[in-house]
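Structure file coords_15.txt (compact mmCIF, C-alpha atoms) is printed below.
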# COMPACT_ATOMS: atom_id res chain seq x y z
CA MET A 1 -2.34 -102.54 36.49
CA ALA A 2 -0.27 -99.47 37.38
CA GLU A 3 2.53 -99.71 34.82
CA CYS A 4 3.18 -101.24 31.44
CA SER A 5 5.90 -103.82 32.12
CA HIS A 6 6.91 -104.86 28.63
CA ASP A 7 7.94 -103.56 25.21
CA CYS A 8 5.00 -101.49 23.97
CA ALA A 9 6.63 -101.01 20.58
CA ASN A 10 6.09 -104.70 19.84
CA CYS A 11 2.83 -105.19 21.70
CA SER A 12 -0.79 -105.03 20.59
CA SER A 13 -2.43 -105.51 23.97
CA LYS A 14 -3.62 -101.88 24.44
CA CYS A 15 -2.30 -101.60 27.99
CA SER A 16 -3.49 -98.03 28.39
CA GLU A 17 -7.10 -99.17 28.70
CA GLY A 18 -6.34 -100.57 32.15
CA ILE A 19 -4.05 -97.82 33.46
CA PRO A 20 -5.76 -95.11 35.53
CA LYS A 21 -4.84 -91.54 34.63
CA GLU A 22 -3.09 -89.30 37.15
CA GLN A 23 -5.50 -86.98 38.93
CA LEU A 24 -5.22 -83.21 39.12
CA ASN A 25 -5.02 -81.56 42.53
CA PRO A 26 -8.20 -79.95 43.97
CA LEU A 27 -7.12 -76.45 42.91
CA SER A 28 -6.79 -77.34 39.22
CA SER A 29 -9.13 -77.64 36.26
CA VAL A 30 -8.10 -78.54 32.70
CA LYS A 31 -10.74 -79.16 30.03
CA HIS A 32 -8.67 -80.36 27.06
CA VAL A 33 -5.12 -81.71 26.79
CA ILE A 34 -3.39 -81.72 23.39
CA GLY A 35 -0.02 -83.41 22.88
CA VAL A 36 2.42 -82.09 20.29
CA VAL A 37 4.63 -84.97 19.18
CA SER A 38 7.10 -86.22 16.61
CA GLY A 39 9.04 -89.37 15.86
CA LYS A 40 12.37 -87.53 16.01
CA GLY A 41 13.96 -84.39 17.42
CA GLY A 42 14.68 -81.09 15.74
CA VAL A 43 11.45 -80.79 13.78
CA GLY A 44 9.97 -77.82 15.64
CA LYS A 45 7.57 -79.25 18.23
CA SER A 46 8.26 -76.41 20.66
CA ILE A 47 7.57 -73.62 18.20
CA VAL A 48 4.36 -75.34 17.05
CA THR A 49 3.32 -75.82 20.69
CA SER A 50 4.01 -72.16 21.42
CA MET A 51 2.13 -70.95 18.36
CA LEU A 52 -0.92 -73.11 19.08
CA ALA A 53 -1.10 -71.81 22.65
CA VAL A 54 -0.76 -68.20 21.51
CA LEU A 55 -3.45 -68.54 18.84
CA MET A 56 -5.93 -70.32 21.13
CA GLN A 57 -5.34 -67.65 23.81
CA ARG A 58 -6.13 -64.99 21.22
CA LYS A 59 -9.42 -66.72 20.49
CA GLY A 60 -10.43 -66.20 24.10
CA TYR A 61 -9.54 -69.58 25.57
CA LYS A 62 -7.41 -69.89 28.70
CA THR A 63 -4.35 -71.84 27.57
CA ALA A 64 -1.38 -73.47 29.24
CA ILE A 65 1.79 -75.28 28.23
CA LEU A 66 3.25 -78.26 30.07
CA ASP A 67 6.83 -78.59 28.83
CA ALA A 68 7.45 -82.34 28.95
CA ASP A 69 10.75 -82.07 27.08
CA ILE A 70 12.72 -82.22 30.32
CA THR A 71 16.21 -82.57 28.84
CA GLY A 72 15.70 -80.03 26.05
CA PRO A 73 13.23 -77.41 27.32
CA SER A 74 12.79 -74.32 25.15
CA ILE A 75 9.28 -73.09 25.92
CA PRO A 76 10.35 -70.47 28.54
CA ARG A 77 12.85 -69.01 26.06
CA ASN A 78 10.15 -68.63 23.38
CA PHE A 79 8.06 -66.58 25.81
CA GLY A 80 10.92 -64.62 27.38
CA ILE A 81 10.27 -66.05 30.85
CA LYS A 82 13.28 -65.84 33.14
CA GLU A 83 11.76 -65.93 36.62
CA ARG A 84 11.52 -69.17 38.54
CA ALA A 85 8.29 -70.98 39.36
CA MET A 86 7.09 -70.51 42.95
CA SER A 87 5.06 -72.57 45.39
CA ASN A 88 2.00 -71.78 47.46
CA GLY A 89 3.35 -74.04 50.19
CA GLU A 90 1.69 -77.16 48.84
CA TYR A 91 1.66 -76.95 45.04
CA LEU A 92 3.81 -75.43 42.31
CA LEU A 93 2.51 -72.33 40.55
CA PRO A 94 3.03 -72.13 36.77
CA VAL A 95 4.57 -68.92 35.49
CA PRO A 96 2.20 -66.82 33.34
CA SER A 97 3.42 -65.36 30.08
CA LYS A 98 2.82 -61.73 29.15
CA THR A 99 -0.60 -62.59 27.72
CA GLY A 100 -1.55 -64.97 30.53
CA ILE A 101 -0.54 -68.39 29.19
CA ASP A 102 0.38 -70.58 32.17
CA ILE A 103 3.70 -72.36 31.65
CA MET A 104 5.55 -75.05 33.60
CA SER A 105 8.98 -76.23 32.51
CA VAL A 106 12.00 -77.68 34.26
CA ASN A 107 13.92 -74.55 33.23
CA LEU A 108 11.63 -72.59 35.55
CA LEU A 109 12.95 -74.65 38.46
CA LEU A 110 16.67 -74.36 37.72
CA GLU A 111 18.90 -71.56 38.98
CA ASP A 112 20.74 -71.61 35.65
CA GLU A 113 18.76 -72.41 32.49
CA THR A 114 21.92 -73.70 30.80
CA ARG A 115 22.45 -76.35 33.47
CA PRO A 116 21.93 -79.80 31.90
CA VAL A 117 19.32 -82.15 33.31
CA VAL A 118 21.24 -85.40 33.66
CA TRP A 119 18.51 -87.69 34.95
CA ARG A 120 17.52 -91.24 34.19
CA GLY A 121 14.26 -92.03 32.40
CA PRO A 122 12.13 -92.89 35.45
CA VAL A 123 13.07 -89.63 37.18
CA ILE A 124 12.25 -87.60 34.07
CA ALA A 125 8.93 -89.42 33.68
CA GLY A 126 8.13 -88.78 37.34
CA THR A 127 8.82 -85.07 36.89
CA VAL A 128 6.33 -84.88 34.02
CA LYS A 129 3.70 -86.54 36.22
CA GLN A 130 4.39 -83.99 38.96
CA PHE A 131 3.99 -81.12 36.50
CA TRP A 132 0.46 -82.44 35.97
CA THR A 133 -0.50 -83.38 39.52
CA ASP A 134 1.50 -80.91 41.65
CA CYS A 135 0.93 -77.66 39.74
CA VAL A 136 -2.04 -75.36 40.05
CA TRP A 137 -3.62 -75.27 36.59
CA ASN A 138 -6.34 -72.69 37.11
CA ASP A 139 -9.41 -73.02 34.82
CA VAL A 140 -7.44 -74.04 31.72
CA ASP A 141 -9.45 -74.59 28.53
CA TYR A 142 -6.56 -75.97 26.48
CA MET A 143 -3.29 -77.39 27.75
CA PHE A 144 -0.65 -78.10 25.13
CA VAL A 145 2.01 -80.65 26.08
CA ASP A 146 5.36 -80.17 24.36
CA MET A 147 6.51 -83.78 24.14
CA PRO A 148 10.11 -84.99 23.96
CA PRO A 149 11.13 -86.61 20.68
CA GLY A 150 10.79 -90.30 19.98
CA THR A 151 8.75 -93.07 21.55
CA GLY A 152 10.59 -93.69 24.83
CA ASP A 153 9.84 -93.44 28.55
CA VAL A 154 8.49 -89.90 28.70
CA PRO A 155 6.08 -90.00 25.73
CA LEU A 156 4.83 -93.33 27.06
CA THR A 157 4.37 -91.81 30.53
CA VAL A 158 2.45 -88.84 29.11
CA PHE A 159 0.16 -91.07 27.06
CA GLN A 160 -0.48 -93.37 30.03
CA SER A 161 -0.69 -90.78 32.81
CA LEU A 162 -2.32 -87.69 31.32
CA PRO A 163 -5.84 -87.57 29.84
CA ILE A 164 -4.64 -86.67 26.34
CA ASP A 165 -7.59 -85.76 24.12
CA GLY A 166 -5.59 -85.86 20.92
CA ILE A 167 -2.19 -85.23 19.37
CA VAL A 168 -0.76 -82.97 16.71
CA VAL A 169 2.13 -84.59 14.84
CA VAL A 170 4.95 -82.28 13.72
CA THR A 171 7.19 -83.28 10.85
CA THR A 172 9.50 -81.89 8.17
CA PRO A 173 9.52 -82.39 4.39
CA GLN A 174 12.66 -84.52 4.07
CA ASP A 175 12.48 -88.13 2.88
CA LEU A 176 12.32 -89.23 6.52
CA VAL A 177 8.81 -87.75 6.76
CA SER A 178 6.94 -91.03 6.27
CA MET A 179 8.94 -92.80 8.96
CA ILE A 180 8.63 -89.86 11.36
CA VAL A 181 4.86 -89.72 11.04
CA GLU A 182 4.44 -93.47 11.16
CA LYS A 183 6.46 -93.91 14.37
CA ALA A 184 4.56 -91.21 16.26
CA THR A 185 1.13 -92.17 15.00
CA LYS A 186 1.55 -95.90 15.57
CA MET A 187 2.50 -95.24 19.19
CA ALA A 188 -0.56 -93.03 19.61
CA GLN A 189 -2.76 -95.70 18.08
CA MET A 190 -1.38 -98.34 20.43
CA MET A 191 -2.24 -96.05 23.34
CA ASN A 192 -5.70 -95.25 21.92
CA ILE A 193 -4.91 -91.53 21.51
CA PRO A 194 -6.78 -89.74 18.67
CA ILE A 195 -4.63 -88.05 16.02
CA ILE A 196 -5.92 -84.56 15.23
CA GLY A 197 -3.64 -83.98 12.26
CA ILE A 198 -0.18 -83.17 10.95
CA VAL A 199 1.81 -79.93 10.82
CA GLU A 200 4.74 -79.69 8.42
CA ASN A 201 7.55 -77.40 9.58
CA MET A 202 10.36 -76.04 7.35
CA SER A 203 7.98 -76.59 4.45
CA TYR A 204 9.34 -73.84 2.20
CA ILE A 205 11.11 -70.50 2.07
CA ILE A 206 9.80 -67.29 0.56
CA CYS A 207 12.03 -65.51 -1.94
CA PRO A 208 12.73 -62.02 -0.52
CA ASP A 209 12.77 -60.54 -4.02
CA CYS A 210 9.75 -62.02 -5.79
CA GLY A 211 7.77 -63.56 -2.92
CA LYS A 212 7.67 -66.98 -4.56
CA LYS A 213 7.51 -70.09 -2.38
CA ILE A 214 10.57 -72.28 -2.82
CA HIS A 215 10.22 -75.89 -1.67
CA ILE A 216 13.86 -76.72 -1.12
CA PHE A 217 13.11 -80.28 0.03
CA GLY A 218 10.59 -80.95 -2.75
CA GLU A 219 6.82 -80.63 -2.91
CA GLU A 220 3.80 -82.79 -2.12
CA LYS A 221 5.52 -85.15 0.31
CA ILE A 222 3.39 -84.27 3.32
CA ASN A 223 0.19 -84.34 1.29
CA LYS A 224 0.96 -87.86 0.12
CA VAL A 225 1.75 -89.01 3.66
CA ALA A 226 -1.38 -87.39 5.10
CA SER A 227 -3.47 -89.00 2.39
CA LYS A 228 -1.81 -92.40 2.91
CA TYR A 229 -2.64 -92.49 6.61
CA GLY A 230 -5.89 -90.56 6.43
CA TYR A 231 -4.74 -87.65 8.58
CA GLU A 232 -5.62 -84.01 8.08
CA LEU A 233 -2.86 -81.58 7.11
CA LEU A 234 -3.25 -78.77 9.65
CA GLY A 235 -0.64 -76.36 8.33
CA ASN A 236 2.68 -75.71 6.62
CA LEU A 237 5.27 -73.57 8.39
CA PRO A 238 7.96 -71.92 6.25
CA MET A 239 11.55 -71.28 7.21
CA ASP A 240 10.73 -67.82 8.49
CA GLY A 241 13.49 -65.62 9.86
CA LYS A 242 10.97 -63.29 11.52
CA LEU A 243 9.35 -66.13 13.44
CA ALA A 244 12.73 -67.49 14.51
CA SER A 245 13.74 -64.03 15.68
CA LEU A 246 10.58 -63.68 17.78
CA CYS A 247 11.43 -66.95 19.54
CA ASP A 248 15.05 -65.91 20.09
CA LYS A 249 13.88 -62.62 21.60
CA GLY A 250 11.22 -64.31 23.75
CA ILE A 251 8.33 -62.48 22.11
CA ILE A 252 6.54 -65.26 20.25
CA GLU A 253 3.26 -63.75 21.45
CA LEU A 254 3.78 -60.86 19.00
CA MET A 255 3.73 -63.15 15.94
CA GLU A 256 1.54 -62.11 13.02
CA ASN A 257 0.91 -64.92 10.55
CA ASP A 258 -1.77 -67.38 9.53
CA PHE A 259 0.39 -70.52 9.34
CA LEU A 260 -1.57 -72.45 11.97
CA ASP A 261 -5.01 -70.87 11.66
CA LYS A 262 -6.41 -74.09 10.21
CA ALA A 263 -4.91 -76.07 13.09
CA VAL A 264 -6.58 -74.01 15.80
CA GLU A 265 -9.88 -73.99 13.92
CA THR A 266 -9.73 -77.78 13.65
CA ILE A 267 -8.98 -78.14 17.37
CA GLU A 268 -11.73 -75.71 18.30
CA ASN A 269 -14.28 -77.42 16.07
CA LYS A 270 -13.34 -80.83 17.41
CA PHE A 271 -13.63 -79.97 21.09
CA ASP A 272 -15.73 -76.83 21.53
CA LYS A 273 -18.12 -76.65 18.57
CA LYS A 274 -19.66 -80.09 18.51
Let's see the structure in the file written out as structure tokens.
Amino acid sequence: MAECSHDCANCSSKCSEGIPKEQLNPLSSVKHVIGVVSGKGGVGKSIVTSMLAVLMQRKGYKTAILDADITGPSIPRNFGIKERAMSNGEYLLPVPSKTGIDIMSVNLLLEDETRPVVWRGPVIAGTVKQFWTDCVWNDVDYMFVDMPPGTGDVPLTVFQSLPIDGIVVVTTPQDLVSMIVEKATKMAQMMNIPIIGIVENMSYIICPDCGKKIHIFGEEKINKVASKYGYELLGNLPMDGKLASLCDKGIIELMENDFLDKAVETIENKFDKK
């Protein structure tokens, strides 16, 4: 069976068990693939993806980012990459960041990064497959896949086509948190993808005068959700103007914080310290 031909959202038949994964080209090697997902947009998947890649690179692992958010790519902007991806005549070559993180995004193929990608679902899904099969991923220890929001064509394609080792679910502390987590995790479960844990973005702000944490959306919501579903809470990201500024300036690799230290330690322990 090459494709799932029905509504996976209302199906319990575990189609992914019979769907072969897309193969890398002979020049590529990727040890671990981690998806960064959410049930809705605007929760900060791209910044979490970028931070995870930066932190794992600092630990000595060769990391890469496959930007699967074709219609809303922001990874190149976070890293200040403006040049276009090139080809060796047969395969695409990801663009390395300043610290050597290999990145492939549709924005690296467009003459103008502000040009909208007005493609139908199958074309977008096919592009994500090509980013996996037709790029030279050279000795990558950890590839992080910045997933598009929701549970549509492209997330389904990534789960079915790429050998995802696990996912990190990104959410926010509003009352929608339970639904957001449940949508993303149920899809992963249907596709037999392990859930590594949850990251809460926009968790709090820090008072510039007294340094106190202010939970403007309320406290304890993510802890209750994590406990309910049995998932590990990997980190809480504040509304941090400095971090946002680093992304806007394309220098995310200069970040200095410990917001996702637990997340990278959990990933490392799960895959490289067994």
Which one of A:Cys135, A:Val48, A:Val154, A:Ile205 sits closest to Ser87 in chain A if you count all atoms listed in the file?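 When distances to Ser87 in chain A are compared using all atoms listed in the file, the smallest one comes from A:Cys135.
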Within 7 Å of Gly197 in chain A using all atoms listed in the file, minus same-chain residues under 2 positions, as JSON, numbers by chain: {"A": [168, 169, 195, 199, 231, 232, 233, 234]}
Kindly give the distance, in Å, that separates CA of Ile216 in chain A and CA of Ser203 in chain A, rounded to a single decimal.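 Interatomic distance, CA of Ile216 in chain A to CA of Ser203 in chain A: 8.1 Å.
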Distance in Å - CA of Asn236 in chain A versus CA of Leu260 in chain A: 7.6 Å
Could you give me, as an mmCIF file with C-alpha atoms, in the coordinates of the input, the residues within 8 Å of Met147 in chain A, counting only C-alpha atoms and dropping anything in the same chain fewer than 2 positions from it?
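This is the output file out-v7.cif:
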data_model
loop_
_atom_site.group_PDB
_atom_site.id
_atom_site.type_symbol
_atom_site.label_atom_id
_atom_site.label_comp_id
_atom_site.auth_asym_id
_atom_site.auth_seq_id
_atom_site.Cartn_x
_atom_site.Cartn_y
_atom_site.Cartn_z
ATOM 1 C CA GLY A 35 -0.020 -83.410 22.880
ATOM 2 C CA VAL A 36 2.420 -82.090 20.290
ATOM 3 C CA VAL A 37 4.630 -84.970 19.180
ATOM 4 C CA SER A 38 7.100 -86.220 16.610
ATOM 5 C CA LYS A 45 7.570 -79.250 18.230
ATOM 6 C CA ASP A 67 6.830 -78.590 28.830
ATOM 7 C CA ALA A 68 7.450 -82.340 28.950
ATOM 8 C CA ASP A 69 10.750 -82.070 27.080
ATOM 9 C CA VAL A 145 2.010 -80.650 26.080
ATOM 10 C CA PRO A 149 11.130 -86.610 20.680
ATOM 11 C CA VAL A 154 8.490 -89.900 28.700
ATOM 12 C CA PRO A 155 6.080 -90.000 25.730
#
Quick one: residues within 10 Å of Glu200 in chain A, all atoms listed in the file counted, chain neighbours fewer than 3 positions away excluded, as a list in words? Val43, Gly44, Val48, Val169, Val170, Thr171, Thr172, Pro173, Val177, Ser203, Tyr204, Lys221, Ile222, Asn223, Leu233, Leu234, Gly235, Asn236, Leu237 and Pro238 of chain A
So which residues touch Ala244 in chain A within 10 Å, counting only C-alpha atoms, skipping near sequence neighbours fewer than 5 positions away, as an NGL selection string? :A and (47 or 78 or 239 or 249-250 or 252)
When you draw a straight line from CA of Leu243 in chain A to CA of Arg77 in chain A, how long is it in Å?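 Interatomic distance, CA of Leu243 in chain A to CA of Arg77 in chain A: 13.4 Å.
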Please tell me which residues are no farther than 10 Å from (5.8, -65.3, 25.1) in the file, counting all atoms listed in the file, and write them as a count of residues only. 27
Counting all atoms listed in the file, which residues of range 119-214 of chain A fall within 7 Å of range 28-34 of chain A, and what is the closest atom pair for each with its distance in Å at one decimal, ordered by chain and rising number, as a Markdown table?
| residue | atom | partner | partner_atom | distance |
| --- | --- | --- | --- | --- |
| A:Val136 | CA | A:Ser28 | CA | 5.2 |
| A:Trp137 | CA | A:Ser28 | CA | 4.6 |
| A:Asn138 | CA | A:Ser28 | CA | 5.1 |
| A:Asp139 | CA | A:Ser29 | CA | 4.8 |
| A:Val140 | CA | A:Val30 | CA | 4.7 |
| A:Asp141 | CA | A:Lys31 | CA | 5.0 |
| A:Tyr142 | CA | A:His32 | CA | 4.9 |
| A:Met143 | CA | A:Val33 | CA | 4.8 |
| A:Phe144 | CA | A:Ile34 | CA | 4.9 |
| A:Val145 | CA | A:Ile34 | CA | 6.1 |
| A:Pro163 | CA | A:Val33 | CA | 6.6 |
| A:Ile164 | CA | A:Val33 | CA | 5.0 |
| A:Asp165 | CA | A:Val33 | CA | 5.4 |
| A:Gly166 | CA | A:Ile34 | CA | 5.3 |
| A:Ile167 | CA | A:Ile34 | CA | 5.5 |
Could you dump the residues just selected with C-alpha atoms as a PDB file, keeping the file's coordinate frame?
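Result written to result-v8.pdb:
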ATOM      1  CA  VAL A 136      -2.040 -75.360  40.050  1.00  0.00           C
ATOM      2  CA  TRP A 137      -3.620 -75.270  36.590  1.00  0.00           C
ATOM      3  CA  ASN A 138      -6.340 -72.690  37.110  1.00  0.00           C
ATOM      4  CA  ASP A 139      -9.410 -73.020  34.820  1.00  0.00           C
ATOM      5  CA  VAL A 140      -7.440 -74.040  31.720  1.00  0.00           C
ATOM      6  CA  ASP A 141      -9.450 -74.590  28.530  1.00  0.00           C
ATOM      7  CA  TYR A 142      -6.560 -75.970  26.480  1.00  0.00           C
ATOM      8  CA  MET A 143      -3.290 -77.390  27.750  1.00  0.00           C
ATOM      9  CA  PHE A 144      -0.650 -78.100  25.130  1.00  0.00           C
ATOM     10  CA  VAL A 145       2.010 -80.650  26.080  1.00  0.00           C
ATOM     11  CA  PRO A 163      -5.840 -87.570  29.840  1.00  0.00           C
ATOM     12  CA  ILE A 164      -4.640 -86.670  26.340  1.00  0.00           C
ATOM     13  CA  ASP A 165      -7.590 -85.760  24.120  1.00  0.00           C
ATOM     14  CA  GLY A 166      -5.590 -85.860  20.920  1.00  0.00           C
ATOM     15  CA  ILE A 167      -2.190 -85.230  19.370  1.00  0.00           C
TER      16      ILE A 167
END
Expected residue set, 10 Å radius at (6.2, -92.3, 25.3), all atoms listed in the file, as a ChimeraX atom specification: /A:8-9,37,125,147-160,184,187-188,191
With distances taken over all atoms listed in the file, which of A:Asp102, A:Glu111, A:Asp134, A:Glu268 is nearest to Leu24 in chain A?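 Result for the nearest residue to Leu24 in chain A: A:Asp134.
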